[in-house]
Every structure is written in C-alpha cells, then in structure tokens.
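Asks: As input, take final24.cif (mmCIF, C-alpha atoms and all ligand atoms):
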data_my_file
#
loop_
_atom_site.label_atom_id
_atom_site.label_comp_id
_atom_site.auth_asym_id
_atom_site.auth_seq_id
_atom_site.Cartn_x
_atom_site.Cartn_y
_atom_site.Cartn_z
CA MET A 1 -18.82 -48.87 -57.05
CA LYS A 2 -15.12 -49.02 -56.36
CA SER A 3 -14.92 -45.29 -55.98
CA SER A 4 -17.75 -45.18 -53.46
CA MET A 5 -15.97 -47.85 -51.41
CA ALA A 6 -12.83 -45.79 -51.57
CA SER A 7 -14.57 -42.65 -50.38
CA LEU A 8 -16.29 -44.61 -47.61
CA SER A 9 -12.98 -45.92 -46.32
CA LEU A 10 -11.51 -42.44 -46.64
CA THR A 11 -14.35 -41.12 -44.47
CA VAL A 12 -13.70 -43.83 -41.92
CA VAL A 13 -10.01 -42.94 -41.84
CA LEU A 14 -10.79 -39.23 -41.50
CA LEU A 15 -13.26 -39.91 -38.70
CA GLY A 16 -10.62 -41.95 -36.90
CA VAL A 17 -8.04 -39.20 -37.31
CA SER A 18 -10.37 -36.49 -36.05
CA PHE A 19 -11.37 -38.69 -33.11
CA VAL A 20 -7.73 -39.19 -32.13
CA LEU A 21 -7.04 -35.48 -32.56
CA SER A 22 -9.98 -34.42 -30.39
CA ALA A 23 -8.99 -36.93 -27.71
CA LYS A 24 -5.49 -35.42 -27.78
CA GLY A 25 -6.97 -31.95 -27.48
CA GLN A 26 -8.87 -32.99 -24.39
CA GLN A 27 -5.73 -34.42 -22.87
CA ASN A 28 -3.91 -31.18 -23.55
CA SER A 29 -6.58 -28.99 -22.01
CA ALA A 30 -6.71 -31.26 -18.96
CA ARG A 31 -2.98 -30.83 -18.58
CA ALA A 32 -3.30 -27.05 -18.95
CA ALA A 33 -5.92 -26.95 -16.19
CA VAL A 34 -3.58 -28.78 -13.83
CA GLN A 35 -0.86 -26.31 -14.62
CA ASP A 36 -3.23 -23.44 -13.87
CA THR A 37 -4.11 -24.76 -10.43
CA LYS A 38 -0.43 -25.35 -9.77
CA GLY A 39 0.33 -21.79 -10.88
CA GLN A 40 1.50 -19.14 -8.46
CA SER A 41 -0.96 -17.25 -6.27
CA VAL A 42 -1.41 -13.51 -6.88
CA TYR A 43 -0.36 -13.01 -3.28
CA ASP A 44 2.99 -14.79 -3.61
CA GLU A 45 4.82 -11.49 -3.70
CA LEU A 46 3.99 -10.85 -0.04
CA SER A 47 5.95 -13.93 0.97
CA ARG A 48 8.99 -12.49 -0.84
CA ALA A 49 9.25 -9.57 1.60
CA PRO A 50 12.72 -9.70 3.17
CA GLN A 51 12.94 -10.63 6.85
CA LYS A 52 14.12 -7.14 7.78
CA ALA A 53 11.06 -5.54 6.14
CA ARG A 54 8.67 -7.98 7.79
CA ALA A 55 10.10 -7.32 11.22
CA LYS A 56 9.25 -3.58 11.02
CA ARG A 57 6.51 -2.68 13.46
CA ASN A 58 3.70 -0.37 12.40
CA PRO A 59 4.58 2.85 14.26
CA LEU A 60 0.91 3.88 14.11
CA GLU A 61 -0.36 0.60 15.53
CA LYS A 62 -1.86 2.34 18.56
CA ASP A 63 -2.91 5.51 16.76
CA SER A 64 -6.71 5.50 16.88
CA GLU A 65 -6.98 7.80 13.87
CA ALA A 66 -4.76 5.76 11.58
CA VAL A 67 -7.56 3.50 10.33
CA ALA A 68 -9.87 6.39 9.40
CA ALA A 69 -7.04 8.26 7.68
CA GLY A 70 -6.02 5.06 5.91
CA ARG A 71 -9.53 4.54 4.64
CA ILE A 72 -9.54 7.93 2.94
CA LEU A 73 -6.14 7.27 1.39
CA PHE A 74 -7.28 3.84 0.27
CA GLU A 75 -10.32 5.31 -1.47
CA GLN A 76 -8.11 7.87 -3.19
CA HIS A 77 -5.34 5.57 -4.35
CA CYS A 78 -6.30 1.92 -4.19
CA ALA A 79 -10.09 1.49 -4.53
CA GLU A 80 -9.90 2.00 -8.29
CA CYS A 81 -8.24 -1.37 -8.62
CA HIS A 82 -8.95 -3.20 -5.37
CA GLY A 83 -12.58 -2.13 -4.89
CA GLY A 84 -14.15 0.29 -2.41
CA ALA A 85 -13.85 -2.02 0.59
CA ALA A 86 -10.74 -3.84 -0.69
CA GLN A 87 -12.88 -6.81 -1.69
CA GLY A 88 -11.31 -6.92 -5.15
CA GLY A 89 -12.06 -5.20 -8.42
CA LYS A 90 -11.53 -5.61 -12.14
CA LYS A 91 -7.86 -4.63 -11.99
CA GLY A 92 -6.72 -5.84 -8.59
CA PRO A 93 -7.30 -8.84 -6.33
CA SER A 94 -9.22 -8.81 -3.04
CA LEU A 95 -7.19 -7.78 -0.01
CA ARG A 96 -9.81 -9.36 2.28
CA VAL A 97 -8.16 -12.76 2.09
CA ALA A 98 -6.06 -14.60 4.67
CA ASP A 99 -2.88 -14.21 2.58
CA VAL A 100 -3.11 -10.43 3.01
CA GLN A 101 -4.85 -10.20 6.38
CA ASP A 102 -2.39 -12.59 8.04
CA ALA A 103 0.67 -10.98 6.46
CA GLU A 104 2.91 -8.97 8.78
CA PRO A 105 2.23 -5.22 8.66
CA GLY A 106 5.86 -4.88 7.61
CA ALA A 107 5.28 -7.12 4.57
CA LEU A 108 2.29 -4.99 3.49
CA PHE A 109 4.36 -1.85 3.94
CA TRP A 110 7.09 -3.43 1.82
CA ILE A 111 4.60 -4.22 -0.97
CA LEU A 112 3.36 -0.62 -0.94
CA THR A 113 6.91 0.67 -1.08
CA ASN A 114 8.03 -1.62 -3.91
CA GLY A 115 4.83 -2.52 -5.78
CA VAL A 116 4.59 -5.56 -8.03
CA VAL A 117 5.10 -3.48 -11.13
CA ARG A 118 5.38 -6.29 -13.68
CA LYS A 119 1.95 -7.50 -12.55
CA GLY A 120 0.19 -4.14 -12.44
CA MET A 121 0.54 -3.20 -8.77
CA PRO A 122 2.06 0.30 -8.70
CA VAL A 123 4.86 1.55 -6.45
CA TRP A 124 3.68 3.85 -3.61
CA SER A 125 7.06 5.03 -2.35
CA LYS A 126 6.05 8.62 -3.13
CA LEU A 127 3.36 8.46 -0.45
CA PRO A 128 4.92 9.61 2.83
CA GLU A 129 5.76 6.68 5.14
CA PRO A 130 3.13 7.58 7.79
CA GLN A 131 0.46 7.49 5.08
CA ARG A 132 1.64 4.06 3.94
CA TRP A 133 1.36 2.83 7.52
CA GLN A 134 -2.13 4.36 7.81
CA ILE A 135 -3.17 2.36 4.75
CA VAL A 136 -1.67 -0.78 6.32
CA SER A 137 -3.69 -0.12 9.50
CA TYR A 138 -6.85 0.31 7.45
CA ILE A 139 -6.36 -2.88 5.41
CA ARG A 140 -5.69 -4.91 8.57
CA SER A 141 -8.81 -3.46 10.22
CA LEU A 142 -11.01 -4.97 7.50
CA GLY A 143 -10.42 -8.65 8.15
CA VAL A 144 -11.15 -11.55 5.83
CA ALA A 145 -14.37 -11.14 3.79
CA PRO A 146 -16.58 -14.20 3.27
CA THR A 147 -17.10 -13.65 -0.47
CA GLN A 148 -15.24 -12.10 -3.37
CA ALA A 149 -16.37 -8.89 -4.98
CA ASP A 150 -17.59 -10.46 -8.20
CA SER A 151 -20.05 -12.88 -6.60
CA PRO A 152 -22.77 -10.60 -5.11
CA PRO A 153 -23.92 -9.07 -8.44
CA ALA A 154 -24.04 -12.55 -9.98
CA LYS A 155 -26.12 -13.84 -7.06
CA SER A 156 -28.54 -10.93 -6.98
CA GLN A 157 -29.63 -11.63 -10.55
CA PRO A 158 -29.84 -15.40 -11.02
CA PRO A 159 -30.65 -16.69 -14.54
CA GLU A 160 -34.08 -17.96 -13.39
CA THR A 161 -35.21 -14.45 -12.54
CA MET A 162 -34.16 -13.23 -15.95
CA ASP A 163 -36.11 -16.07 -17.57
CA LEU A 164 -39.27 -15.17 -15.68
CA PHE A 165 -38.82 -11.58 -16.67
CA SER A 166 -38.59 -12.33 -20.38
CA ARG A 167 -41.55 -14.72 -20.26
CA HIS A 168 -43.82 -12.02 -18.87
CA ARG A 169 -43.12 -9.73 -21.76
C1 LIG B 1 -3.55 0.07 -11.10
C2 LIG B 1 -4.19 -0.87 -10.23
C3 LIG B 1 -3.75 -0.96 -8.77
C4 LIG B 1 -3.73 0.06 -7.85
C5 LIG B 1 -4.08 1.53 -8.04
C6 LIG B 1 -3.33 -0.56 -6.61
N1 LIG B 1 -3.11 -1.90 -6.79
FE1 LIG B 1 -2.56 -3.27 -5.35
N2 LIG B 1 -2.46 -4.71 -6.75
C7 LIG B 1 -2.79 -4.56 -8.08
C8 LIG B 1 -2.57 -5.82 -8.76
C9 LIG B 1 -2.81 -6.10 -10.23
C10 LIG B 1 -2.09 -6.73 -7.78
C11 LIG B 1 -1.67 -8.20 -7.98
C12 LIG B 1 -0.18 -8.24 -8.17
C13 LIG B 1 0.35 -9.64 -8.22
O1 LIG B 1 -0.09 -10.41 -9.06
O2 LIG B 1 1.23 -9.96 -7.39
C14 LIG B 1 -2.05 -5.99 -6.53
C15 LIG B 1 -1.65 -6.55 -5.33
C16 LIG B 1 -1.73 -5.93 -4.11
C17 LIG B 1 -1.44 -6.55 -2.84
C18 LIG B 1 -1.06 -8.01 -2.63
C19 LIG B 1 0.40 -8.18 -2.81
C20 LIG B 1 0.77 -9.29 -3.75
O3 LIG B 1 1.37 -10.25 -3.28
O4 LIG B 1 0.48 -9.18 -4.93
C21 LIG B 1 -1.62 -5.60 -1.88
C22 LIG B 1 -1.43 -5.75 -0.38
C23 LIG B 1 -2.02 -4.38 -2.56
N3 LIG B 1 -2.07 -4.61 -3.91
C24 LIG B 1 -2.31 -3.19 -1.93
C25 LIG B 1 -2.61 -2.00 -2.61
C26 LIG B 1 -2.80 -0.73 -1.95
C27 LIG B 1 -2.79 -0.53 -0.44
C28 LIG B 1 -3.01 0.20 -2.92
C29 LIG B 1 -3.19 1.70 -2.75
C30 LIG B 1 -2.09 2.42 -2.13
C31 LIG B 1 -2.98 -0.49 -4.20
N4 LIG B 1 -2.72 -1.82 -3.97
C32 LIG B 1 -3.19 0.12 -5.41
C33 LIG B 1 -3.26 -3.42 -8.70
C34 LIG B 1 -3.36 -2.18 -8.09
#
Would you put the structure from the file into structure tokens?
Ligand code: HEC
Replies:
Amino acid sequence: MKSSMASLSLTVVLLGVSFVLSAKGQQNSARAAVQDTKGQSVYDELSRAPQKARAKRNPLEKDSEAVAAGRILFEQHCAECHGGAAQGGKKGPSLRVADVQDAEPGALFWILTNGVVRKGMPVWSKLPEPQRWQIVSYIRSLGVAPTQADSPPAKSQPPETMDLFSRHR
C-alpha cells in the first residue's frame, strides 16, 4: 500500500516536472520565432553598397537592346538560382521585390561585381561590365511581382483536389 502511494506521488512529481519543462520549451520556441522575424533580410546586402557605387549611372539606360540582351544573360547565369523570371528559386531569393526593384542600378551593379559569397550569391566580376549593366537593365524592367515563385504550384493543387482524387479511386 505504501509503495503504491509512493509511486503515485512520484508520478505526480514527474508529471509536474514534464509540464514545467514543456511550458519552458514553448517559451523558448516563442522567443526563437521573435528572433527570426527580427533577423536580417536577405536583401540587406544591397543597402551596404557604398555611396560611390550607388551613384554610378547605368551607361546603357537608354539602350533599347540592353533589356533583351540582359534577359539572355540572366537565363544563362542567374535563372538557375533566381528562377526563370527572377521570381525566386530553390537556391536564390526573388528579385521581383521592392528591395531589389527600388535599389539604385549602381547598387545592383555593385552586388553583381562583389557577390554575397558567404551567403551563396556568386561574384560576377568576370562578366564584362556592359553585360553586368545589361543584366541590371533586365532586372529593373521586370518590376515587382505580386506573388513569390513557390506559391503558384501550391495553389494549383490544393489539398481538397487531392482528396477528391483519392476518393474516386
Ligand atoms: C548559385 C546560386 C546563385 C546564382 C547563380 C546567382 N545568385 Fe543572386 N543570390 C543568390 C543568393 C543565395 C542570394 C541571397 C544572398 C543574401 O542572403 O544576401 C542572392 C542575392 C541576389 C541579389 C540580392 C542582393 C542581396 O542583398 O542579397 C541580387 C540582386 C542577385 N542575387 C542577382 C543575381 C544575378 C543578376 C545573377 C546572375 C548574374 C545571380 N544573382 C546569380 C544565389 C545566386
């Protein structure tokens, strides 16, 4: 009898401990989430472009062929990571966002020249300067896109449709 009382109180103690621990875990994960939202944006690097680099004008600004040439270069060198229409891919963020579209052409040129190597964005200083400016012209011609790349496939196959499909089999 005594021993069953002892094991009962032990259970109560253990329950209490695990309750406290799980509450602590929740607190910790809540704190982690806050830190995530406070974390730096992937586009922060653009704002680090030095004033001198930002002030550079795109020498091909008025060149009507720059956008078309830039598109071809983009498909060759950038689409692999940033997606075919720069809307973002598995390895690189969308460039159809205000942070990029509103950045000075000079800041984009600076990013291409220096990369963000520690974060997976390669250096493109081996591309001749006019080609880098063509790419800048192309990116700026795209404008901000309403949705990110990952959302359309998710939307086109909602879970309900999949349910219906499996029920009919
Ligand atoms: C190997 C994959 C990869 C390729 C190829 C690549 N990028 Fe990126 N790019 C990235 C990643 C990853 C980031 C995010 C870097 C960061 O966190 O700052 C990025 C960021 C950027 C940014 C935003 C700058 C910023 O603040 O991070 C621009 C603009 C950009 N890339 C343009 C280009 C262009 C133009 C090309 C082609 C010449 C290109 N990228 C090729 C992976 C790539």
Asks: Excluding range 48-59 of chain A and any residue of its chain fewer than 3 positions from it, enumerate the residues within 8 Å of it, using all atoms listed in the file, and give them as a PyMOL selection string.
Replies: chain A and resi 44-45+62+104-107+109-111+133+137
Asks: So that I can check the surroundings of Gln134 in chain A, please list as a ChimeraX atom specification every protein, DNA and RNA residue that reaches within 8 Å of it, counting all atoms listed in the file and ignoring chain neighbours fewer than 3 positions away.
Replies: /A:60,66-67,69-70,130-131,137-138
Asks: Using only C-alpha atoms and all ligand atoms, what does the table of chain A residues within 7 Å of ligand LIG 1 (chain B) look like, with each row giving the shortest atom pair and its distance in Å to one decimal, sorted by chain and ascending number, as JSON lines?
Replies:
{"residue": "A:Val42", "atom": "CA", "partner": "B:LIG1", "partner_atom": "O1", "distance": 4.0}
{"residue": "A:Tyr43", "atom": "CA", "partner": "B:LIG1", "partner_atom": "O3", "distance": 3.3}
{"residue": "A:Asp44", "atom": "CA", "partner": "B:LIG1", "partner_atom": "O3", "distance": 4.8}
{"residue": "A:Glu45", "atom": "CA", "partner": "B:LIG1", "partner_atom": "O3", "distance": 3.7}
{"residue": "A:Leu46", "atom": "CA", "partner": "B:LIG1", "partner_atom": "O3", "distance": 4.2}
{"residue": "A:Phe74", "atom": "CA", "partner": "B:LIG1", "partner_atom": "C29", "distance": 5.5}
{"residue": "A:His77", "atom": "CA", "partner": "B:LIG1", "partner_atom": "C29", "distance": 4.7}
{"residue": "A:Cys78", "atom": "CA", "partner": "B:LIG1", "partner_atom": "C29", "distance": 3.4}
{"residue": "A:Ala79", "atom": "CA", "partner": "B:LIG1", "partner_atom": "C5", "distance": 7.0}
{"residue": "A:Glu80", "atom": "CA", "partner": "B:LIG1", "partner_atom": "C5", "distance": 5.8}
{"residue": "A:Cys81", "atom": "CA", "partner": "B:LIG1", "partner_atom": "C2", "distance": 4.4}
{"residue": "A:His82", "atom": "CA", "partner": "B:LIG1", "partner_atom": "N1", "distance": 6.1}
{"residue": "A:Lys91", "atom": "CA", "partner": "B:LIG1", "partner_atom": "C2", "distance": 5.5}
{"residue": "A:Gly92", "atom": "CA", "partner": "B:LIG1", "partner_atom": "C8", "distance": 4.2}
{"residue": "A:Pro93", "atom": "CA", "partner": "B:LIG1", "partner_atom": "C10", "distance": 5.8}
{"residue": "A:Leu95", "atom": "CA", "partner": "B:LIG1", "partner_atom": "C22", "distance": 6.1}
{"residue": "A:Val100", "atom": "CA", "partner": "B:LIG1", "partner_atom": "C22", "distance": 6.0}
{"residue": "A:Leu108", "atom": "CA", "partner": "B:LIG1", "partner_atom": "C22", "distance": 5.4}
{"residue": "A:Ile111", "atom": "CA", "partner": "B:LIG1", "partner_atom": "C19", "distance": 6.1}
{"residue": "A:Leu112", "atom": "CA", "partner": "B:LIG1", "partner_atom": "C27", "distance": 6.2}
{"residue": "A:Val116", "atom": "CA", "partner": "B:LIG1", "partner_atom": "C12", "distance": 5.5}
{"residue": "A:Lys119", "atom": "CA", "partner": "B:LIG1", "partner_atom": "C12", "distance": 4.9}
{"residue": "A:Gly120", "atom": "CA", "partner": "B:LIG1", "partner_atom": "C9", "distance": 4.2}
{"residue": "A:Met121", "atom": "CA", "partner": "B:LIG1", "partner_atom": "C7", "distance": 3.7}
{"residue": "A:Pro122", "atom": "CA", "partner": "B:LIG1", "partner_atom": "C6", "distance": 5.8}
{"residue": "A:Trp124", "atom": "CA", "partner": "B:LIG1", "partner_atom": "C30", "distance": 6.1}
{"residue": "A:Ile135", "atom": "CA", "partner": "B:LIG1", "partner_atom": "C27", "distance": 6.0}
{"residue": "A:Val136", "atom": "CA", "partner": "B:LIG1", "partner_atom": "C27", "distance": 6.9}
Asks: Can you measure CA of Gly88 in chain A to CA of Glu65 in chain A for me? One decimal in Å is fine.
Replies: 24.4 Å
Asks: Report, in Å to a single decimal, how far apart CA of Gly89 in chain A and CA of Pro146 in chain A are.
Replies: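 Taking CA of Pro146 in chain A and CA of Gly89 in chain A, their separation equals 15.4 Å.
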Asks: As an exercise, work out the distance from CA of Leu127 in chain A to CA of Gln40 in chain A in Å and give it to one decimal place.
Replies: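 It comes out at 28.8 Å.
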